Amino acid sequence: MDTRLPFIPGLLVLVILVLLSLLLSMGFGTTEIGFSQVWQCVSAQCQQPIYQTILLDIRLPRVLMGFLAGFALAGAGALMQNVTRNPLADPYLFGIVAGAGLGATISSLLPEYLQAFSLPLAAFIGALSAVFIVMTILMNNNWRRVEHLLLAGVAVSFLLSAITSFILYFGEAFEANRVIFWMMGSLARANYDAIALIAPIIFICTFITLMFSRQLDALLLSDEGARTLGVNVDVVRVLSLCICAAMTAVVVAYCGGIGFVGLMIPHIVRPFFGFTLAKLMLCAGLVGGCFLIWVDVISRTILPGQELPIGVITSVIGSVFFLFLMRRM
């Protein structure tokens, strides 16, 4: 049974879903705010200053960050699965989260007045370093074996996680707890400055991917088949992996570890929009953004008076989905 939807109408439906999610999710939190008040503040007609502060200064950056993070992780997951031809591939398999965690752990050793900007910067550098190590290991002929790429990523992830655990074990207890909570994933650090940095990187990476989508689609055949079509397989694969690394690393740097989004969402979207990368990446990104917006709503409302790490929720949902996927395959 063919479940595919027409692309343009389906895309419009997803855009409307995103806009509704952005508006409706702003009403949930410690202080319940009705939809009418949300609409008034969004349309610059907020009647109470406290509502304007809560909605525009606290919740709106968090909702936007959730959408951008979900878009980036789901889009990177779709790209990774197509490039490696592995339906279980995930951008975190490169050790990106482990590298970011190591960078964040090292930044916790710096003076406190430097940590406001050193943590995301160190996490970003650590994430990219993990990808650089994986690529260095595979620079020779191992690009021809996709499974080597995945195994190298897993090995590097375990290595960096072990170094992180060693540093945290001998570190100061308060800073160790702070880093551990950050590694579980949270949108609590969201602000307009972070959004101004993350959004252009995600937009540029998405634009480059769409520019080379036909060459990337050729990789779905096989490396040999892509070469017969005139595609420089090694260059295209390195480019795509760098894009995945940049999109994931910039999210991890500010939001911590939010796992399984890149694995789940492409599988959910693919039956409705097909395998071609341009359609899959855009639609998976929109669905991933909506998904993470509502997961964040659950994380800050499920327990009264406290916030549950968002990575815990995505891991629970993702692990169940992963087992279901393995069973089905």
# chains A, B, ... in the order shown; residues from 1 in each chain; ligands from 1
>>> residues_around(residues="Phe203 in chain A", least_positions_apart="6", cutoff="12 Å", atoms="only C-alpha atoms", output="PyMOL selection string")
chain A and resi 68-69+71-72+75+195-197+209-210+243+246-247+282+285
>>> write_last_selection(atoms="N, CA and C atoms", output="PDB file, in the first residue's frame")
ATOM      1  N   LEU A  68      14.789  24.496  16.395  1.00  0.00           N
ATOM      2  CA  LEU A  68      16.058  24.454  15.662  1.00  0.00           C
ATOM      3  C   LEU A  68      16.836  23.183  15.986  1.00  0.00           C
ATOM      4  N   ALA A  69      16.858  22.805  17.266  1.00  0.00           N
ATOM      5  CA  ALA A  69      17.583  21.594  17.647  1.00  0.00           C
ATOM      6  C   ALA A  69      16.949  20.352  17.024  1.00  0.00           C
ATOM      7  N   PHE A  71      15.067  20.249  14.313  1.00  0.00           N
ATOM      8  CA  PHE A  71      15.273  20.318  12.867  1.00  0.00           C
ATOM      9  C   PHE A  71      16.677  19.830  12.508  1.00  0.00           C
ATOM     10  N   ALA A  72      17.679  20.321  13.245  1.00  0.00           N
ATOM     11  CA  ALA A  72      19.064  19.964  12.932  1.00  0.00           C
ATOM     12  C   ALA A  72      19.330  18.480  13.168  1.00  0.00           C
ATOM     13  N   GLY A  75      17.315  16.375  10.567  1.00  0.00           N
ATOM     14  CA  GLY A  75      17.899  16.548   9.238  1.00  0.00           C
ATOM     15  C   GLY A  75      19.242  15.862   9.115  1.00  0.00           C
ATOM     16  N   ILE A 195      20.408  31.513  19.695  1.00  0.00           N
ATOM     17  CA  ILE A 195      19.626  31.288  18.477  1.00  0.00           C
ATOM     18  C   ILE A 195      20.256  31.994  17.283  1.00  0.00           C
ATOM     19  N   ALA A 196      20.761  33.219  17.520  1.00  0.00           N
ATOM     20  CA  ALA A 196      21.400  33.969  16.437  1.00  0.00           C
ATOM     21  C   ALA A 196      22.658  33.273  15.924  1.00  0.00           C
ATOM     22  N   LEU A 197      23.285  32.470  16.762  1.00  0.00           N
ATOM     23  CA  LEU A 197      24.464  31.718  16.333  1.00  0.00           C
ATOM     24  C   LEU A 197      24.082  30.403  15.671  1.00  0.00           C
ATOM     25  N   THR A 209      23.334  21.080   1.643  1.00  0.00           N
ATOM     26  CA  THR A 209      22.829  19.721   1.422  1.00  0.00           C
ATOM     27  C   THR A 209      21.840  19.682   0.265  1.00  0.00           C
ATOM     28  N   LEU A 210      20.945  20.646   0.208  1.00  0.00           N
ATOM     29  CA  LEU A 210      19.974  20.686  -0.880  1.00  0.00           C
ATOM     30  C   LEU A 210      20.654  20.939  -2.215  1.00  0.00           C
ATOM     31  N   ILE A 243      28.925  18.267   7.277  1.00  0.00           N
ATOM     32  CA  ILE A 243      27.641  18.944   7.503  1.00  0.00           C
ATOM     33  C   ILE A 243      26.925  18.337   8.698  1.00  0.00           C
ATOM     34  N   ALA A 246      28.709  19.506  11.876  1.00  0.00           N
ATOM     35  CA  ALA A 246      28.464  20.908  12.234  1.00  0.00           C
ATOM     36  C   ALA A 246      27.060  21.093  12.798  1.00  0.00           C
ATOM     37  N   MET A 247      26.051  20.493  12.152  1.00  0.00           N
ATOM     38  CA  MET A 247      24.672  20.649  12.615  1.00  0.00           C
ATOM     39  C   MET A 247      24.475  20.033  14.001  1.00  0.00           C
ATOM     40  N   LEU A 282      14.023  18.047   4.517  1.00  0.00           N
ATOM     41  CA  LEU A 282      13.147  19.161   4.882  1.00  0.00           C
ATOM     42  C   LEU A 282      11.991  18.686   5.762  1.00  0.00           C
ATOM     43  N   GLY A 285      13.156  17.451   9.129  1.00  0.00           N
ATOM     44  CA  GLY A 285      13.510  18.581   9.976  1.00  0.00           C
ATOM     45  C   GLY A 285      12.303  19.236  10.605  1.00  0.00           C
TER      46      GLY A 285
END
>>> residues_around(residues="Ala155 in chain A", least_positions_apart="3", cutoff="10 Å", atoms="only C-alpha atoms", output="PyMOL selection string")
chain A and resi 93-95+134+150-152+158-161
>>> write_last_selection(atoms="N, CA and C atoms", output="tab-separated table (two decimals), in the first residue's frame")
chain	number	residue	atom	x	y	z
A	93	LEU	N	26.59	8.65	16.38
A	93	LEU	CA	27.52	7.53	16.27
A	93	LEU	C	28.95	7.99	16.02
A	94	PHE	N	29.14	9.24	15.63
A	94	PHE	CA	30.49	9.75	15.42
A	94	PHE	C	31.20	10.07	16.72
A	95	GLY	N	30.55	9.90	17.85
A	95	GLY	CA	31.16	10.31	19.10
A	95	GLY	C	31.00	11.80	19.35
A	134	VAL	N	37.66	10.54	13.99
A	134	VAL	CA	37.07	9.46	13.20
A	134	VAL	C	37.52	9.56	11.75
A	150	LEU	N	31.11	3.52	10.99
A	150	LEU	CA	30.25	3.41	12.16
A	150	LEU	C	31.01	2.82	13.35
A	151	LEU	N	31.82	1.80	13.09
A	151	LEU	CA	32.58	1.18	14.17
A	151	LEU	C	33.61	2.14	14.75
A	152	ALA	N	34.25	2.91	13.88
A	152	ALA	CA	35.22	3.89	14.38
A	152	ALA	C	34.54	4.94	15.24
A	158	PHE	N	33.32	5.69	22.94
A	158	PHE	CA	33.66	5.03	24.20
A	158	PHE	C	34.95	5.60	24.79
A	159	LEU	N	35.93	5.89	23.95
A	159	LEU	CA	37.20	6.42	24.43
A	159	LEU	C	37.01	7.79	25.08
A	160	LEU	N	36.29	8.69	24.40
A	160	LEU	CA	36.10	10.04	24.94
A	160	LEU	C	35.21	10.02	26.18
A	161	SER	N	34.23	9.12	26.20
A	161	SER	CA	33.39	9.01	27.39
A	161	SER	C	34.19	8.53	28.60
>>> residues_around(residues="range 296-307 of chain A", least_positions_apart="2", cutoff="9 Å", atoms="only C-alpha atoms", output="list in words")
Ser25, Met26, Phe28, Gly29, Thr30, Arg62, Val63, Gly66, Ser186, Leu187, Phe291, Leu292, Ile293, Trp294, Pro309, Ile310, Val312 and Ile313 of chain A
>>> write_last_selection(atoms="C-alpha atoms", output="CSV table (one decimal), in the first residue's frame")
chain,number,residue,atom,x,y,z
A,25,SER,CA,3.5,25.3,23.4
A,26,MET,CA,4.2,28.8,24.7
A,28,PHE,CA,2.5,25.6,28.9
A,29,GLY,CA,4.8,25.9,31.9
A,30,THR,CA,4.9,26.7,35.6
A,62,ARG,CA,13.2,28.1,24.4
A,63,VAL,CA,10.6,27.1,21.9
A,66,GLY,CA,13.7,23.4,20.6
A,186,SER,CA,18.2,20.6,28.3
A,187,LEU,CA,16.9,23.8,26.6
A,291,PHE,CA,8.7,16.7,18.1
A,292,LEU,CA,11.3,18.4,20.3
A,293,ILE,CA,9.0,21.3,21.0
A,294,TRP,CA,6.5,19.0,22.6
A,309,PRO,CA,16.2,16.5,31.4
A,310,ILE,CA,14.9,16.4,27.8
A,312,VAL,CA,15.9,11.4,29.3
A,313,ILE,CA,12.5,11.6,27.6
>>> closest_atom_pairs(of="range 91-124 of chain A", to="range 256-260 of chain A", cutoff="10 Å", atoms="only C-alpha atoms", output="tab-separated table")
residue	atom	partner	partner_atom	distance
A:Pro91	CA	A:Phe260	CA	9.2
A:Tyr92	CA	A:Gly259	CA	7.3
A:Ile96	CA	A:Gly257	CA	9.2
A:Val97	CA	A:Gly257	CA	5.9
A:Ala98	CA	A:Gly257	CA	8.7
A:Ala100	CA	A:Gly256	CA	7.9
A:Gly101	CA	A:Gly256	CA	7.8
A:Ala104	CA	A:Gly256	CA	9.3
A:Pro120	CA	A:Gly256	CA	9.1
A:Ala123	CA	A:Gly256	CA	8.6
>>> residues_around(residues="Val179 in chain A", least_positions_apart="2", cutoff="8 Å", atoms="only C-alpha atoms", output="MDAnalysis selection string")
chainID A and resid 101 104:105 108 175:177 181:183
>>> atom_distance(atom1="CA of Gly153 in chain A", atom2="CA of Gly99 in chain A")
10.8 Å
>>> residues_around(residues="Arg4 in chain A", least_positions_apart="6", cutoff="9 Å", atoms="only C-alpha atoms", output="CSV table (one decimal) with N, CA and C atoms, in the first residue's frame")
chain,number,residue,atom,x,y,z
A,270,ARG,N,9.9,8.9,6.3
A,270,ARG,CA,10.3,8.3,5.0
A,270,ARG,C,9.1,7.6,4.3
A,271,PRO,N,8.2,6.9,5.0
A,271,PRO,CA,7.1,6.2,4.2
A,271,PRO,C,6.1,7.2,3.6
A,272,PHE,N,6.1,8.5,4.1
A,272,PHE,CA,5.2,9.4,3.6
A,272,PHE,C,5.8,10.4,2.5
A,273,PHE,N,7.1,10.5,2.5
A,273,PHE,CA,7.7,11.5,1.6
A,273,PHE,C,8.9,10.9,0.8
A,274,GLY,N,9.1,9.6,0.9
A,274,GLY,CA,10.1,8.9,0.1
A,274,GLY,C,11.5,9.0,0.6
>>> atom_distance(atom1="CA of Leu11 in chain A", atom2="CA of Pro200 in chain A")
21.5 Å
>>> select_by_dssp(residues="range 67-113 of chain A", states="alpha helix (DSSP H)", output="number ranges by chain")
A: 67-84, 96-107
>>> write_last_selection(atoms="N, CA and C atoms", output="mmCIF file, in the first residue's frame")
data_model
loop_
_atom_site.group_PDB
_atom_site.id
_atom_site.type_symbol
_atom_site.label_atom_id
_atom_site.label_comp_id
_atom_site.auth_asym_id
_atom_site.auth_seq_id
_atom_site.Cartn_x
_atom_site.Cartn_y
_atom_site.Cartn_z
ATOM 1 N N PHE A 67 12.811 23.965 18.378
ATOM 2 C CA PHE A 67 12.553 23.697 16.963
ATOM 3 C C PHE A 67 13.853 23.566 16.177
ATOM 4 N N LEU A 68 14.789 24.496 16.395
ATOM 5 C CA LEU A 68 16.058 24.454 15.662
ATOM 6 C C LEU A 68 16.836 23.183 15.986
ATOM 7 N N ALA A 69 16.858 22.805 17.266
ATOM 8 C CA ALA A 69 17.583 21.594 17.647
ATOM 9 C C ALA A 69 16.949 20.352 17.024
ATOM 10 N N GLY A 70 15.617 20.267 17.077
ATOM 11 C CA GLY A 70 14.946 19.129 16.473
ATOM 12 C C GLY A 70 15.139 19.081 14.968
ATOM 13 N N PHE A 71 15.067 20.249 14.313
ATOM 14 C CA PHE A 71 15.273 20.318 12.867
ATOM 15 C C PHE A 71 16.677 19.830 12.508
ATOM 16 N N ALA A 72 17.679 20.321 13.245
ATOM 17 C CA ALA A 72 19.064 19.964 12.932
ATOM 18 C C ALA A 72 19.330 18.480 13.168
ATOM 19 N N LEU A 73 18.872 17.944 14.287
ATOM 20 C CA LEU A 73 19.151 16.539 14.600
ATOM 21 C C LEU A 73 18.435 15.601 13.638
ATOM 22 N N ALA A 74 17.166 15.889 13.333
ATOM 23 C CA ALA A 74 16.421 15.029 12.404
ATOM 24 C C ALA A 74 16.983 15.141 10.991
ATOM 25 N N GLY A 75 17.315 16.375 10.567
ATOM 26 C CA GLY A 75 17.899 16.548 9.238
ATOM 27 C C GLY A 75 19.242 15.862 9.115
ATOM 28 N N ALA A 76 20.081 15.980 10.141
ATOM 29 C CA ALA A 76 21.383 15.309 10.113
ATOM 30 C C ALA A 76 21.209 13.793 10.119
ATOM 31 N N GLY A 77 20.204 13.299 10.841
ATOM 32 C CA GLY A 77 19.949 11.861 10.841
ATOM 33 C C GLY A 77 19.525 11.355 9.474
ATOM 34 N N ALA A 78 18.665 12.109 8.791
ATOM 35 C CA ALA A 78 18.250 11.722 7.447
ATOM 36 C C ALA A 78 19.443 11.701 6.495
ATOM 37 N N LEU A 79 20.296 12.708 6.593
ATOM 38 C CA LEU A 79 21.487 12.758 5.745
ATOM 39 C C LEU A 79 22.419 11.595 6.046
ATOM 40 N N MET A 80 22.627 11.315 7.330
ATOM 41 C CA MET A 80 23.529 10.239 7.719
ATOM 42 C C MET A 80 23.030 8.881 7.229
ATOM 43 N N GLN A 81 21.743 8.621 7.361
ATOM 44 C CA GLN A 81 21.208 7.326 6.946
ATOM 45 C C GLN A 81 21.300 7.144 5.435
ATOM 46 N N ASN A 82 21.090 8.214 4.670
ATOM 47 C CA ASN A 82 21.200 8.095 3.215
ATOM 48 C C ASN A 82 22.649 7.920 2.777
ATOM 49 N N VAL A 83 23.566 8.659 3.392
ATOM 50 C CA VAL A 83 24.969 8.615 2.967
ATOM 51 C C VAL A 83 25.590 7.264 3.301
ATOM 52 N N THR A 84 25.283 6.732 4.481
ATOM 53 C CA THR A 84 25.872 5.452 4.881
ATOM 54 C C THR A 84 25.063 4.247 4.423
ATOM 55 N N ILE A 96 30.022 12.422 18.661
ATOM 56 C CA ILE A 96 29.855 13.861 18.783
ATOM 57 C C ILE A 96 29.439 14.239 20.206
ATOM 58 N N VAL A 97 28.505 13.504 20.785
ATOM 59 C CA VAL A 97 28.067 13.805 22.144
ATOM 60 C C VAL A 97 29.200 13.555 23.137
ATOM 61 N N ALA A 98 29.932 12.456 22.933
ATOM 62 C CA ALA A 98 31.056 12.164 23.825
ATOM 63 C C ALA A 98 32.124 13.252 23.734
ATOM 64 N N GLY A 99 32.400 13.726 22.507
ATOM 65 C CA GLY A 99 33.378 14.800 22.344
ATOM 66 C C GLY A 99 32.909 16.094 22.976
ATOM 67 N N ALA A 100 31.629 16.406 22.791
ATOM 68 C CA ALA A 100 31.082 17.615 23.406
ATOM 69 C C ALA A 100 31.102 17.510 24.920
ATOM 70 N N GLY A 101 30.796 16.328 25.446
ATOM 71 C CA GLY A 101 30.843 16.131 26.888
ATOM 72 C C GLY A 101 32.243 16.304 27.440
ATOM 73 N N LEU A 102 33.240 15.826 26.713
ATOM 74 C CA LEU A 102 34.623 16.004 27.151
ATOM 75 C C LEU A 102 35.003 17.484 27.145
ATOM 76 N N GLY A 103 34.588 18.204 26.081
ATOM 77 C CA GLY A 103 34.871 19.632 26.044
ATOM 78 C C GLY A 103 34.207 20.385 27.183
ATOM 79 N N ALA A 104 32.948 20.029 27.471
ATOM 80 C CA ALA A 104 32.235 20.676 28.577
ATOM 81 C C ALA A 104 32.891 20.356 29.913
ATOM 82 N N THR A 105 33.367 19.139 30.054
ATOM 83 C CA THR A 105 34.035 18.749 31.299
ATOM 84 C C THR A 105 35.324 19.533 31.495
ATOM 85 N N ILE A 106 36.085 19.691 30.427
ATOM 86 C CA ILE A 106 37.322 20.463 30.523
ATOM 87 C C ILE A 106 37.020 21.928 30.841
ATOM 88 N N SER A 107 35.945 22.466 30.256
ATOM 89 C CA SER A 107 35.599 23.870 30.522
ATOM 90 C C SER A 107 35.198 24.081 31.974
#
>>> atom_distance(atom1="CA of Leu229 in chain A", atom2="CA of His267 in chain A")
27.2 Å
>>> closest_residue(among="A:Ala194, A:Ile180, A:Val131, A:Leu119", to="Leu64 in chain A", atoms="only C-alpha atoms")
A:Ala194
